[in-house]
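**Q** Take a look at the following structure, please.
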Amino acid sequence: MGGCTAISLSLLSLSPERKVKCYNEYFVNGYVFHTEEYGHGRKTYNIGVCIKGSTSSEFEVDYYSRLEEVIELQYHSEQNRVFLFKCYWYDATDRGIKVDPHYGLVEINSKARHCNVNDVFVFTKQCQQVYYTYTPSFRKNRSRVDWLSILKTKPRGRVEIVHDENEDTSVIDKVFQVVS
């Protein structure tokens, strides 16, 4: 087992193969993502990407983007593949993001791009899906036309089960029916 792992790591330490595969859509973490070009004009516009991050302080920050490309890199064997999203990242500073203190609604300035435009790739496994929408009241206020509201979604491929601490979760082996 250790020898196989060492071989995989040594292959990953080499540069990837020169051929790259690109995809229009990708399913990961229970979400179906579309590239912006592929999603344009479709009923479902699944281009919103969110990743959890942190800053040098103790606060966690969510970073938001639009998906531009899905890229598959292969490292000298079929088993050593890496999938990446190339994204257009929005500015996550106070200039580009606002959180409503009362409702917790997150808004992003769609014209404010993240300052580090060379850092555009993220591993697909890190991503959650979000949707961007205009808040109806903002359409009347022209100074807010570039601001989008962010709606976080739940994965489609997973079912969340909430357990009550007081609930008995033991497995019952016998099935019975009450007869009246």
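Convention: chains lettered A, B, ... in structure tokens order; per-chain residue numbering from 1; ligands numbered from 1 as shown.
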Name all residues at most 7 Å from range 123-132 of chain A (count only C-alpha atoms; drop same-chain ones fewer than 3 positions away) and give them as a tab-separated table (two decimals) with C-alpha atoms, in the first residue's frame.
**A**
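Contents of around-v1.tsv, as written:
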chain	number	residue	atom	x	y	z
A	28	VAL	CA	-19.70	17.57	-7.29
A	29	ASN	CA	-20.78	17.66	-3.64
A	31	TYR	CA	-24.47	20.19	-6.95
A	48	GLY	CA	-22.59	30.53	-8.76
A	49	VAL	CA	-19.66	29.21	-6.72
A	50	CYS	CA	-18.94	29.74	-3.03
A	51	ILE	CA	-15.98	28.53	-1.03
A	83	PHE	CA	-10.59	18.74	-11.43
A	84	LEU	CA	-10.46	22.52	-11.12
A	85	PHE	CA	-12.91	25.38	-11.53
A	148	LEU	CA	-26.77	41.06	-6.39
A	149	SER	CA	-28.32	39.09	-3.55
A	150	ILE	CA	-26.79	35.69	-2.84
A	151	LEU	CA	-28.95	32.65	-2.17
A	152	LYS	CA	-27.17	29.60	-0.78
A	153	THR	CA	-28.61	26.26	-1.84
**Q** Just want the 7 Å neighbourhood of Asn46 in chain A, counted on only C-alpha atoms, with same-chain residues fewer than 5 positions away dropped. Output as number ranges by chain.
**A** A: 32-34, 39
**Q** Ranking A:Glu72, A:Glu107, A:Glu37, A:Asp94 by minimum distance to Thr133 in chain A and counting only C-alpha atoms, which one comes first?
**A**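 Of all the options, A:Glu107 lies closest to Thr133 in chain A.
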**Q** With distances taken over only C-alpha atoms, which of A:Ala92, A:Val82, A:Leu105, A:Cys87 is nearest to Ser65 in chain A?
**A**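 So, comparing all the options, the nearest one is A:Cys87.
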**Q** Could you tell me how far CA of Asp91 in chain A lies from CA of Arg156 in chain A, in Å and to one decimal?
**A**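 For CA of Asp91 in chain A relative to CA of Arg156 in chain A, the distance reads 27.9 Å.
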**Q** With only C-alpha atoms as the atoms that count, which of A:Val106, A:Cys115, A:Val120, A:Ile97 lies nearest to Val70 in chain A?
**A**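 Looking at the shortest contact to Val70 in chain A, the residue is A:Val120.
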